[in-house]
Amino acid sequence: MSSFDALIIGAGHNGLAAAITLQKRGRRVLVLEARSVAGGLCAAREFHPGFTAPGVLHDTFEVRAPLLDALGLAQHGLSLRDADVPVHAPTSKDKGFILAHDPERSQLGEDQAGYAELCRVADAARGALSTALDAAPPPMIPGQVSDFFDFAKLGLSLRALGAKDLYGFLRMLPMCIADLTRDHFKNETVMAALAGATLLDEYVGPWSAGTAARWLLQRAVSGKEVAGGPAALVRALKASLESAGGSVRTGARVAALLVEKGQVVGVKLEGGEALRAGLVGVAIAPRALLPLLPPHALPLNVFDELSRVRARGTSAKVHLALEAPIETRGGRHERLRMGDSLDDLERAFDAIKYRQLSRAPALDVRQPTVADLSLAPRDKAVASIWVNFAPYDVDGGWSDDRRKAVLDAVLARIERYDAGIRQKVIAAEVLDPKTLEAEYGAPNGNVHHAEMSLDQLLFMRPTLRLAHYRTPVEGLFLCGSGSHPGGGVRLAPGWLGARAALEGWAS
Amino acid sequence: MTRKYDAIIVGAGHNGLVCAAYLAKAGKKVLVLERRHLVGGAAVSEQIFPGFTFSSCSYVVSLLRPKIIRDLELTKHGLHILPLETTFNPYLDGTYLLRGVDAASTRREISKFSKRDAEVAPLFSQAMAELSRLIKPIIDSPAPDLGSLKPSNLFELLRMGRILKDAGDDWVAANLKMMTMSAADFLSEWFESEKLIAPMAASGIIGTFLGVRSPGTAYVLLHHYMGEIDGSFRAWGLPKGGTGSISNAIAASARALGVEIRTEAPVKHVLIKNGEAKGVVLENGDELHAAAVVSGADPHRTFLNLVGEKELEPDFVTQIKRFRMRGSSGKVNLALDRLPSFKCLPGAGLHLQGDITVAPGIDYLERAYDDAKYGDFSKKPFMNIVLPSVTDPDVAPPGKHVMSVFVQYAPYHLKEGPDAWPSKREAFGDAVCDVIEELAPGFKSSILHRHVLTPWDLEKTYGLTEGNIFHGELSVEQLAFLRPAAGWARYRTPVKKLWMCAAGTHPGGGIMGTPGALCASMMLSEGAA
Amino acid sequence: MPRPTPFHERLAKLNEAYAWKEWSGYYAACRYETNHIYEYTAFRRSAGLLDVSPLFKYEVRGPDAARFLAYVTVRDATKLKVDRVGYCCWCDERGKIIDDGTLTRLGDEHFLLTAAEPTWRWLSHLARGFDVKLDDVSDRIAVLALQGPKSRDVLKACVQGIDFETLTFFGSANGRLGAAPVRVSRTGYTGDLGYEIWCDNAHALPVFDAITEAGRAYALRVCGLDALDMTRVEAGFILLGVDYFSAPHCVRDERRSTPFEVGLGFTVQLGREPFMGSAALEAEKKAGPKWELVGLETDWEDLERLYDAYGLPPSLPGQASRVAVPVYLEGHRVGQATSHTWSPMLKRFISLATVRADVAKPGTELKVEHTVEYDRRAVKARVVQKPFYDPEHKRKP
């Protein structure tokens with residue numbers, strides 16, 4: 001018999017988290033995955049025989065320890081690393097810099113004090129911010145007494161900063177990261193390394209307003225990373241789900257949602273098979289919901305808002321199988337950010353506005369083999385590289401030539417700091433935004449499912465009327481990266497979405 | 001002679017004059033000191049070439065507060081605002097868009113490019129007007145003081161909270177979107193045709209160092225609709241006689257109220273004793289004393305020149321130094337032998353009597369911005385053009401014309417440094433004229449005189465630091481309670497008895513008069529003068 | 001600047017009063033002589049010809065055409081037969097009325113919808129998921145309205161291919177006027193026997209000439225909007241922008257109305273597949289509307305008494321008026337009267353008014369504001385059934 005209480009569309013990290021949450025509350029859950037393996041953007045990807053990238057997404061510092069406990073992942077082999085992994089910002093002339101979460105563990109030369117001061121102000125608000133990000137988004141305008149209480153708590157914790165820091169913090173929020181870093185630092189490479197954290201799949205450059213807030217929010221939730229990366233996380237998630245009685249079905253693409261009298265009653269798979277359930281969670285991109293629903297199932301304003309959600313893919317992913325890890329004058333590092341200056345990053349961004357590839361892209365590099373030797377044959381290495389920027393709508397379209405151009409630009413960039421890189425390359429794979437869309441369902445290649453711009457966060461994510469996970473179609477709810485608190489490897493959207501679904505549609 | 005005044009105002013820009021007039025209205029003895037030979041600051045009319053009157057810098061008025069017009073009886077003192085109803089956008093491909101003649105023809109015009117957009121446009125204007133209306137109390141009142149628990153301040157905060165609550169989720173969401181989105185993205189949510197989006201988006205970048213794709217520019221679009229918030233009281237248009245006539249009207253009103261205005265009286269610095277302003281010292285050494293001193297200059301000039309770092313706390317100095325000026329615009333004023341004839345709509349006509357905007361596409365505007373980001377003026381700039389002589393024949397000899405061109409971008413900080421501007425001035429002027437020539441062949445041959453103002457010129461001649469026309473960028477982190485510095489957004493300064501009354505304070509720049517009026521009102525309520 | 005309609009060349013020559021207004025971006029005649037009473041008389045006693053080309057017109061074609069229109073409008077278009085016309089309105093999601101117009105079924109999968117305001121975007125947006133093709137023919141089709149007791153006779157004399165005896169009220173048929181194919185619908189805005197004649201722009205002038213030629217024998221006159229306004233008030237027909245307002249263009253929610261509140265409840269067909277606004281309309285129907293659109297008849301004796309107090313005979317404008325005035329009951333405002341006219345046919349002063357539902361019963365005595373010698377006073381008025389004027393020959397085959 002195949003009747004379920006809940007179906008989750010998409011077995012990415014959020015879909016699995018949502019499934020576990022429901023399963024642990026006694027619902028029979030089936031997760032439907034279109035690909036042949038579970039895990040979505042977190043799944044391990046053997047891109048060349050013997051060489052595995054532990055996920056297309058490669059950072060896990062935004063996953064929150066309390067959630068890992070709530071989902072029972074420690075029992076399924078998950079462990080956190082001891083400390084955050086610092087970022088190395090190489091230069092062509094000297095040892096470069098080390099940017100760690102903790103100023104004391106950083107090596108920033110003359111900018112050491114400036115970084116400490118910046119972190120002091122940012123961290124003063126950390127408590128308030130991380131509370132906001134851990135909980136469901138507050139209603140925009142407090143309605144009930146309890147709402148006021150929550151809002152006031154947030155306000156009070158901000159006021160505890162003291163007038164000077166409060167203003168300093170408020171002033172930071174709307175700024176661009178370029179102005180923020182220029183206020184505190186002198187060295188352009190240091191500034192670029194800090195700014196580089198805010199660029200993934202956002203239609204922004206360092207001169208775009210709102211990037212400072214992005215950095216602040218990221219910093220507020222940064223914690224220890226998962227040992228084994230995203231792939232280890234989704235392995236544990238799947239194991240936890242299955243041990244709780246839930247299941248995942250791969251090779252099952254949903255073609256339509258079945259709606260009767262304003263309620264979701266199940267799904268229809270490609271091929272015609274129908275599955276019935278009273279709860280359906282959407283862990284894929286919110287915009288992907290539209291073609292699955294009957295044309296007028298959503299109220300017009302909800303439909304309109306959802307159609308306008310911005311999700312522009314601006315980054316490409318490159319995987320390199322290497323004879324030896326990338327090594328700069330600063331040594332061998334697990335995380336690197338490459339970009340010489342803020343203008344360097346901004347010029348890279350300029351290109352995509354005109355639908356071109358960046359000639360000198362900014363890179364966010366991870367070498368997971370530095371910590372996990374199982375990902376490549378002995379002594380060899382894997383490099384996992386996010387390339388900023390590469391537009392989804394590149395002039396002339398994506399082709400092998402274009403992908404090769406991206407690879408060339410990436411190698412040219414790395415070459416500035418590791419002259420022997422080209423000789424080290426055994427094999428390479430380029431995932432352009434179109435491929436990310438086709439293979440992983442990332443809308444327009446945007447791996448966050450919706451841009452993380454300030455107007456698409458919190459009670460506006462993905463839209464004003466869908467920010468609280470439950471859609472107007474009873475039983476249908478959102479639980480993916482396109483919902484609060486957003487994309488990247490977090491788990492919170494899945495967990496919060498499932499809890500919202502459990503609360504019901506009565507109101 | 002050291003006659004004591006109740007207040008000395010440094011700078012006879014329109015805000016300084018408004019402040020003076022309101023103080024005098026309350027019975028105070030006020031002196032205004034102006035460095036140049038004429039009053040007005042950046043709202044001046046000058047006969048740079050005999051027979052032709054240019055609004056050298058600002059050239060239209062849009063938000064001059066009705067209350068100020070009434071209180072100071074400005075129409076009695078010569079203020080007359082002429083209509084500026086239409087917007088004409090010529091494109092490089094030979095098409096054009098002419099809006100504002102009447103509702104039906106605007107719909108037909110937009111339908112040339114998108115029928116859908118044509119029907120959405122009135123709904124958009126209505127939504128914007130509604131948003132602006134609810135923001136009106138914010139621009140007409142002092143900025144809230146977040147750190148203060150004073151009852152009057154809490155009341156203001158509550159009132160704003162009430163506005164939020166009554167307005168509903170949709171309104172708050174719309175405001176959030178406007179404050180965070182780029183003009184191009186925001187408009188793309190409503191419209192589909194780039195020919196409509198580009199010129200509309202362009203109004204989001206005026207006076208900023210941002211591009212149409214930069215987050216935060218959607219908010220500036222509202223200014224365009226703020227004119228509607230005053231309902232039938234239309235305060236926007238082309239001042240007869242140029243924007244100098246506004247300043248002259250305010251000055252005349254001030255004089256009638258007893259204000260003494262001295263031109264060619266440059267102030268060297270504020271006289272400060274024991275952290276308190278006692279008066280000013282002129283360039284020629286004269287000392288003038290007053291119970292209060294008000295600066296009509298921008299925050300950098302005020303604190304770094306007129307006051308001096310020595311008199312200020314280092315933290316405050318840092319904040320002021322971080323207050324971004326970064327001028328991004330230039331002005332080209334032209335005396336013409338005849339009207340330009342646009343290739344896409346040849347000859348004279350309704351399209352020449354309003355606003356002409358050259359914003360032929362989003363990429364065009366963005367490339368113009370990119371040039372500036374890296375320290376160069378835009379090779380193909382964005383332009384906002386008016387021909388005041390079409391409606392106001394007194395600004396030019398019979399049959400001749402004046403053309404006023406506002407240009408972006410012209411970054412103060414050229415990659416060679418700002419002092420390279422004089423050598424680039426003509427090339428900048430040429431870039432402007434080349435684009436107009438492309439759109440209106442024969443234009444160049446009609447030029448009798450050309451007057452180019454770069455940000456460097458705006459600084460040297462008109463006292464605008466880094467050539468920023470708003471006395472400091474109007475970006476969100478430099479607005480309201482953060483303008484010009486956190487905790488100092490209500491016209492007072494860290495120096496006792498020294499006040500600020502111009503665009504570097506809330507609610508910012510443009511010819512509004514509000515900073516001047518609110519400063520005066522704050523001074524009077526605190527018994528400061 | 002307004003533009004001429006396809007008939008303008010003829011109408012401009014006839015407009016000796018030079019009285020024009022702007023209607024949806026076109027020149028539209030207010031009246032052709034300085035006194036429009038002859039035009040009104042033509043509408044009521046012979047035949048009046050009016051250019052209504054400025055209406056917006058949309059063709060909907062495709063297998064889902066009927067289903068689509070049944071979704072967009074409050075009417076069940078699937079039940080409309082070919083060659084029949086249905087008067088309808090359409091609403092937003094909250095059941096607030098956007099516009100009203102006529103829906104003609106030209107074929108199984110072919111409809112024509114008219115509207116007072118541009119409606120292209122709304123139709124296109126709602127067409128998602130329906131197999132339909134939309135065409136905005138507003139600027140391609142010219143339309144004349146021929147209204148009055150002799151209108152049938154005039155058309156019989158010049159139109160071939162249509163049996164006017166069987167063209168019933170709200171019916172539509174194809175015919176020819178000389179060389180021009182035309183469609184004729186038995187519809188109109190005067191509440192009288194009348195027809196609308198539709199043709200391509202290219203045929204506009206010949207069609208006009210043929211009708212006016214045939215009309216000579218029947219005292220046909222070309223009429224303007226002033227005369228139309230009088231007849232439409234007599235017929236009890238509301239006008240967008242005067243008696244009600246289009247929901248998206250309202251700033252205040254109080255200004256928006258449901259069809260039930262403007263007397264268009266009869267167009268709303270519930271109890272079928274959900275359509276745009278149906279949930280809200282079901283709820284409204286159950287709860288009952290808060291407002292109703294009614295006819296008001298001014299008490300002439302009370303009016304006389306009022307003027308008498310000033311030593312004046314009663315003086316009313318000779319034209320229909322669209323100036324809204326308050327309506328009172330016992331000193332409290334209970335609504336507003338938005339269209340008024342002296343009716344020569346009925347010898348009464350009548351108004352269309354929106355009043356609170358609880359005072360909308362026919363026979364209720366209310367008061368309407370009336371200004372005499374600069375004083376704002378009020379006269380008694382009685383709620384009456386609409387239409388005020390409803391001649392038998394309007395509907396008789």
# chains A, B, ... in the order shown; residues from 1 in each chain; ligands from 1
>>> select_by_dssp(residues="stretch 145-278 of chain A", states="alpha helix (DSSP H)", output="PyMOL selection string")
chain A and resi 145-159+163-172+177-184+188-195+211-221+229-243
>>> interface_residues(of="chain A", to="chain C", cutoff="12 Å", atoms="only C-alpha atoms", output="short mmCIF file (atom, residue, chain, number, x, y, z; two decimals) with C-alpha atoms, in the first residue's frame")
data_model
loop_
_atom_site.label_atom_id
_atom_site.label_comp_id
_atom_site.auth_asym_id
_atom_site.auth_seq_id
_atom_site.Cartn_x
_atom_site.Cartn_y
_atom_site.Cartn_z
CA LYS A 261 -11.33 22.38 -3.82
CA GLY A 262 -8.42 24.47 -2.71
CA LEU A 290 4.01 27.64 -10.65
CA PRO A 291 4.06 25.19 -13.57
CA LEU A 292 3.09 22.35 -11.24
CA LEU A 293 -0.11 23.99 -10.06
CA PRO A 294 -3.36 24.30 -12.00
CA PRO A 295 -3.31 27.77 -13.62
CA HIS A 296 -5.57 29.64 -11.22
CA ALA A 297 -5.02 27.70 -8.01
CA LEU A 298 -3.25 30.61 -6.36
CA PRO A 299 -4.84 33.99 -5.66
CA LEU A 300 -3.71 36.48 -8.26
CA ASN A 301 -1.57 38.58 -5.94
CA VAL A 302 0.26 35.51 -4.63
CA PHE A 303 0.80 34.33 -8.20
CA ASP A 304 2.06 37.74 -9.29
CA SER A 307 6.33 35.18 -10.60
#
>>> atom_distance(atom1="atom CA of C:Ala142", atom2="atom CA of C:Phe208")
10.2 Å
>>> residues_around(residues="stretch 51-68 of chain B", least_positions_apart="4", cutoff="7 Å", atoms="only C-alpha atoms", output="list in words")
Ala42, Ala43, Val44, Ser45, Glu46, Gln47, Leu72, Gly227, Ala235, Trp236, Gly237, Leu238, Pro239, Gly242, Thr243, Gly244, Lys331, Asn333, Ala335, Val395, Ala396, Pro397, Val402, Ile511, Met512 and Gly513 of chain B
>>> write_last_selection(atoms="C-alpha atoms", output="PDB file, in the first residue's frame")
ATOM      1  CA  ALA B  42      23.324  76.215  -6.136  1.00  0.00           C
ATOM      2  CA  ALA B  43      19.934  77.760  -6.935  1.00  0.00           C
ATOM      3  CA  VAL B  44      21.174  80.724  -8.912  1.00  0.00           C
ATOM      4  CA  SER B  45      20.425  82.380 -12.221  1.00  0.00           C
ATOM      5  CA  GLU B  46      23.477  83.854 -13.907  1.00  0.00           C
ATOM      6  CA  GLN B  47      24.031  85.670 -17.166  1.00  0.00           C
ATOM      7  CA  LEU B  72       7.176  83.615   3.262  1.00  0.00           C
ATOM      8  CA  GLY B 227       5.199  66.285  -6.373  1.00  0.00           C
ATOM      9  CA  ALA B 235       4.948  73.335  -6.608  1.00  0.00           C
ATOM     10  CA  TRP B 236       6.931  71.691  -9.330  1.00  0.00           C
ATOM     11  CA  GLY B 237       7.999  73.059 -12.620  1.00  0.00           C
ATOM     12  CA  LEU B 238      10.320  75.584 -14.160  1.00  0.00           C
ATOM     13  CA  PRO B 239      10.842  78.734 -12.121  1.00  0.00           C
ATOM     14  CA  GLY B 242      15.586  80.402 -13.495  1.00  0.00           C
ATOM     15  CA  THR B 243      16.078  78.856 -10.065  1.00  0.00           C
ATOM     16  CA  GLY B 244      17.798  82.017  -8.953  1.00  0.00           C
ATOM     17  CA  LYS B 331      26.088  70.536 -15.937  1.00  0.00           C
ATOM     18  CA  ASN B 333      24.538  75.204 -20.048  1.00  0.00           C
ATOM     19  CA  ALA B 335      23.090  79.414 -25.485  1.00  0.00           C
ATOM     20  CA  VAL B 395      15.868  84.066 -20.399  1.00  0.00           C
ATOM     21  CA  ALA B 396      17.157  84.510 -23.931  1.00  0.00           C
ATOM     22  CA  PRO B 397      17.188  87.207 -26.641  1.00  0.00           C
ATOM     23  CA  VAL B 402      18.773  78.414 -23.503  1.00  0.00           C
ATOM     24  CA  ILE B 511      15.091  72.733  -3.590  1.00  0.00           C
ATOM     25  CA  MET B 512      12.846  71.998  -0.640  1.00  0.00           C
ATOM     26  CA  GLY B 513      13.560  74.562   1.999  1.00  0.00           C
TER      27      GLY B 513
END
>>> atom_distance(atom1="atom CA of A:Glu202", atom2="atom CA of A:Trp386")
12.4 Å
>>> interface_residues(of="chain B", to="chain C", cutoff="9 Å", atoms="only C-alpha atoms", output="compact mmCIF listing (two decimals) with N, CA and C atoms, in the first residue's frame")
# COMPACT_ATOMS: atom_id res chain seq x y z
N VAL B 101 1.22 64.43 -22.15
CA VAL B 101 0.34 65.39 -22.84
C VAL B 101 -1.07 65.25 -22.28
N ASP B 102 -1.57 64.05 -22.27
CA ASP B 102 -2.81 63.73 -21.57
C ASP B 102 -2.83 62.20 -21.37
N ALA B 103 -3.78 61.73 -20.58
CA ALA B 103 -3.76 60.30 -20.22
C ALA B 103 -3.88 59.40 -21.44
N ALA B 104 -4.81 59.73 -22.33
CA ALA B 104 -5.01 58.85 -23.49
C ALA B 104 -3.80 58.86 -24.40
N SER B 105 -3.21 60.00 -24.64
CA SER B 105 -2.06 60.01 -25.55
C SER B 105 -0.86 59.35 -24.90
N ARG B 107 -1.05 56.82 -22.97
CA ARG B 107 -1.31 55.40 -23.16
C ARG B 107 -0.96 54.97 -24.57
N ARG B 108 -1.31 55.79 -25.54
CA ARG B 108 -1.00 55.43 -26.92
C ARG B 108 0.51 55.40 -27.14
N LYS B 115 1.68 47.35 -25.00
CA LYS B 115 0.31 47.69 -24.65
C LYS B 115 0.06 47.42 -23.17
N ARG B 116 0.69 46.34 -22.72
CA ARG B 116 0.54 45.96 -21.32
C ARG B 116 1.06 47.06 -20.41
N ASP B 117 2.26 47.55 -20.71
CA ASP B 117 2.85 48.60 -19.91
C ASP B 117 1.99 49.86 -19.93
N ALA B 118 1.39 50.13 -21.07
CA ALA B 118 0.56 51.33 -21.19
C ALA B 118 -0.59 51.29 -20.19
N GLU B 119 -1.13 50.10 -19.95
CA GLU B 119 -2.24 50.00 -19.01
C GLU B 119 -1.75 49.96 -17.57
N VAL B 120 -0.52 49.50 -17.37
CA VAL B 120 0.01 49.44 -16.01
C VAL B 120 0.47 50.81 -15.53
N PRO B 122 -0.62 53.94 -15.37
CA PRO B 122 -1.39 54.74 -14.41
C PRO B 122 -1.51 54.06 -13.04
N LEU B 123 -1.54 52.72 -13.04
CA LEU B 123 -1.61 52.02 -11.75
C LEU B 123 -0.32 52.21 -10.99
N GLN B 126 -0.21 55.67 -9.54
CA GLN B 126 -1.11 55.73 -8.39
C GLN B 126 -0.45 55.11 -7.17
N ALA B 127 0.18 53.94 -7.37
CA ALA B 127 0.85 53.27 -6.25
C ALA B 127 1.98 54.11 -5.70
N GLU B 130 0.65 57.03 -3.73
CA GLU B 130 0.21 56.57 -2.42
C GLU B 130 1.39 56.38 -1.47
>>> interface_residues(of="chain B", to="chain A", cutoff="9 Å", atoms="only C-alpha atoms", output="PyMOL selection string")
chain B and resi 146-147+164-165+168-170+172-173+176-181+185+188-189+210+213-216+322+363+366-367+370+373-374+475-478+481-482+486-487
>>> residues_around(residues="C:Arg333", least_positions_apart="6", cutoff="10 Å", atoms="only C-alpha atoms", output="PDB file with N, CA and C atoms, in the first residue's frame")
ATOM      1  N   PRO C 326     -25.132  64.713  -1.974  1.00  0.00           N
ATOM      2  CA  PRO C 326     -25.494  63.800  -0.888  1.00  0.00           C
ATOM      3  C   PRO C 326     -26.994  63.502  -0.827  1.00  0.00           C
ATOM      4  N   VAL C 327     -27.313  62.325  -0.294  1.00  0.00           N
ATOM      5  CA  VAL C 327     -28.691  61.905  -0.066  1.00  0.00           C
ATOM      6  C   VAL C 327     -28.857  61.700   1.432  1.00  0.00           C
ATOM      7  N   VAL C 355     -27.366  54.183  -2.277  1.00  0.00           N
ATOM      8  CA  VAL C 355     -27.767  54.439  -0.899  1.00  0.00           C
ATOM      9  C   VAL C 355     -27.586  53.176  -0.059  1.00  0.00           C
ATOM     10  N   ARG C 356     -27.583  53.350   1.235  1.00  0.00           N
ATOM     11  CA  ARG C 356     -27.470  52.226   2.165  1.00  0.00           C
ATOM     12  C   ARG C 356     -28.592  51.235   1.882  1.00  0.00           C
ATOM     13  N   LEU C 366     -36.625  59.857   0.885  1.00  0.00           N
ATOM     14  CA  LEU C 366     -35.310  60.387   1.269  1.00  0.00           C
ATOM     15  C   LEU C 366     -35.251  61.851   0.891  1.00  0.00           C
ATOM     16  N   LYS C 367     -34.084  62.463   1.133  1.00  0.00           N
ATOM     17  CA  LYS C 367     -33.906  63.846   0.704  1.00  0.00           C
ATOM     18  C   LYS C 367     -32.609  63.951  -0.081  1.00  0.00           C
ATOM     19  N   VAL C 368     -32.653  64.742  -1.138  1.00  0.00           N
ATOM     20  CA  VAL C 368     -31.464  64.932  -1.967  1.00  0.00           C
ATOM     21  C   VAL C 368     -31.061  66.396  -1.906  1.00  0.00           C
TER      22      VAL C 368
END
>>> residues_around(residues="B:Leu306", least_positions_apart="4", cutoff="6 Å", atoms="only C-alpha atoms", output="PyMOL selection string")
chain B and resi 269-270+302
>>> residues_around(residues="C:Arg31", least_positions_apart="4", cutoff="12 Å", atoms="only C-alpha atoms", output="PyMOL selection string")
chain C and resi 11-12+14-21+27+35-40+48-51+221-229+319
>>> residues_around(residues="stretch 95-97 of chain C", least_positions_apart="2", cutoff="12 Å", atoms="only C-alpha atoms", output="PyMOL selection string")
chain C and resi 72-74+88-93+99-101+240-241+244-250+253-265+267-268+275-285+289
>>> atom_distance(atom1="atom CA of A:Ser374", atom2="atom CA of A:Ser315")
27.2 Å
>>> select_by_dssp(residues="stretch 354-501 of chain A", states="strand (DSSP E)", output="list in words")
Ala362, Leu363, Asp364, Val365, Arg366, Ala381, Val382, Ala383, Ser384, Ile385, Trp386, Val387, Asn388, Val425, Ile426, Ala427, Ala428, Glu429, Val430, Leu431, Leu476, Phe477 and Leu478 of chain A
>>> write_last_selection(atoms="C-alpha atoms", output="PDB file, in the first residue's frame")
ATOM      1  CA  ALA A 362      36.799  36.242  -8.370  1.00  0.00           C
ATOM      2  CA  LEU A 363      37.122  32.751  -6.974  1.00  0.00           C
ATOM      3  CA  ASP A 364      35.985  31.049  -3.811  1.00  0.00           C
ATOM      4  CA  VAL A 365      38.062  27.913  -3.549  1.00  0.00           C
ATOM      5  CA  ARG A 366      37.842  24.925  -1.309  1.00  0.00           C
ATOM      6  CA  ALA A 381      43.747  16.729  -4.724  1.00  0.00           C
ATOM      7  CA  VAL A 382      40.319  18.072  -5.483  1.00  0.00           C
ATOM      8  CA  ALA A 383      39.624  21.772  -5.867  1.00  0.00           C
ATOM      9  CA  SER A 384      36.026  22.965  -5.577  1.00  0.00           C
ATOM     10  CA  ILE A 385      35.708  26.451  -7.042  1.00  0.00           C
ATOM     11  CA  TRP A 386      32.835  28.925  -7.201  1.00  0.00           C
ATOM     12  CA  VAL A 387      33.449  31.309 -10.058  1.00  0.00           C
ATOM     13  CA  ASN A 388      32.122  34.831  -9.804  1.00  0.00           C
ATOM     14  CA  VAL A 425      45.320  19.669 -13.715  1.00  0.00           C
ATOM     15  CA  ILE A 426      44.362  16.071 -14.462  1.00  0.00           C
ATOM     16  CA  ALA A 427      40.730  16.769 -15.318  1.00  0.00           C
ATOM     17  CA  ALA A 428      38.197  19.536 -14.956  1.00  0.00           C
ATOM     18  CA  GLU A 429      34.454  19.964 -14.951  1.00  0.00           C
ATOM     19  CA  VAL A 430      32.565  23.213 -15.411  1.00  0.00           C
ATOM     20  CA  LEU A 431      28.978  23.505 -14.197  1.00  0.00           C
ATOM     21  CA  LEU A 476       0.896  22.728   0.374  1.00  0.00           C
ATOM     22  CA  PHE A 477       3.911  24.320   2.009  1.00  0.00           C
ATOM     23  CA  LEU A 478       7.372  25.591   1.168  1.00  0.00           C
TER      24      LEU A 478
END
>>> decode(residues="stretch 94-105 of chain C", atoms="N, CA and C atoms", output="tab-separated table (two decimals), in the first residue's frame")
chain	number	residue	atom	x	y	z
C	94	ARG	N	-11.46	40.28	-5.04
C	94	ARG	CA	-12.31	40.58	-3.88
C	94	ARG	C	-13.74	40.86	-4.28
C	95	GLY	N	-14.04	40.59	-5.54
C	95	GLY	CA	-15.41	40.80	-6.00
C	95	GLY	C	-15.74	42.26	-6.27
C	96	LYS	N	-14.70	43.09	-6.36
C	96	LYS	CA	-14.97	44.52	-6.62
C	96	LYS	C	-14.93	44.76	-8.13
C	97	ILE	N	-15.91	45.48	-8.59
C	97	ILE	CA	-16.10	45.60	-10.02
C	97	ILE	C	-15.02	46.47	-10.68
C	98	ILE	N	-14.53	45.96	-11.80
C	98	ILE	CA	-13.50	46.66	-12.56
C	98	ILE	C	-14.14	47.45	-13.71
C	99	ASP	N	-15.04	46.81	-14.43
C	99	ASP	CA	-15.61	47.45	-15.62
C	99	ASP	C	-16.85	46.65	-16.03
C	100	ASP	N	-17.62	47.22	-16.95
C	100	ASP	CA	-18.77	46.48	-17.49
C	100	ASP	C	-18.78	46.63	-19.00
C	101	GLY	N	-19.46	45.72	-19.67
C	101	GLY	CA	-19.49	45.80	-21.13
C	101	GLY	C	-20.40	44.72	-21.68
C	102	THR	N	-20.40	44.58	-23.00
C	102	THR	CA	-21.23	43.55	-23.62
C	102	THR	C	-20.34	42.44	-24.17
C	103	LEU	N	-20.88	41.25	-24.11
C	103	LEU	CA	-20.15	40.09	-24.61
C	103	LEU	C	-20.99	39.49	-25.72
C	104	THR	N	-20.45	39.45	-26.93
C	104	THR	CA	-21.18	38.91	-28.08
C	104	THR	C	-20.54	37.59	-28.50
C	105	ARG	N	-21.37	36.58	-28.67
C	105	ARG	CA	-20.83	35.31	-29.17
C	105	ARG	C	-20.96	35.29	-30.67
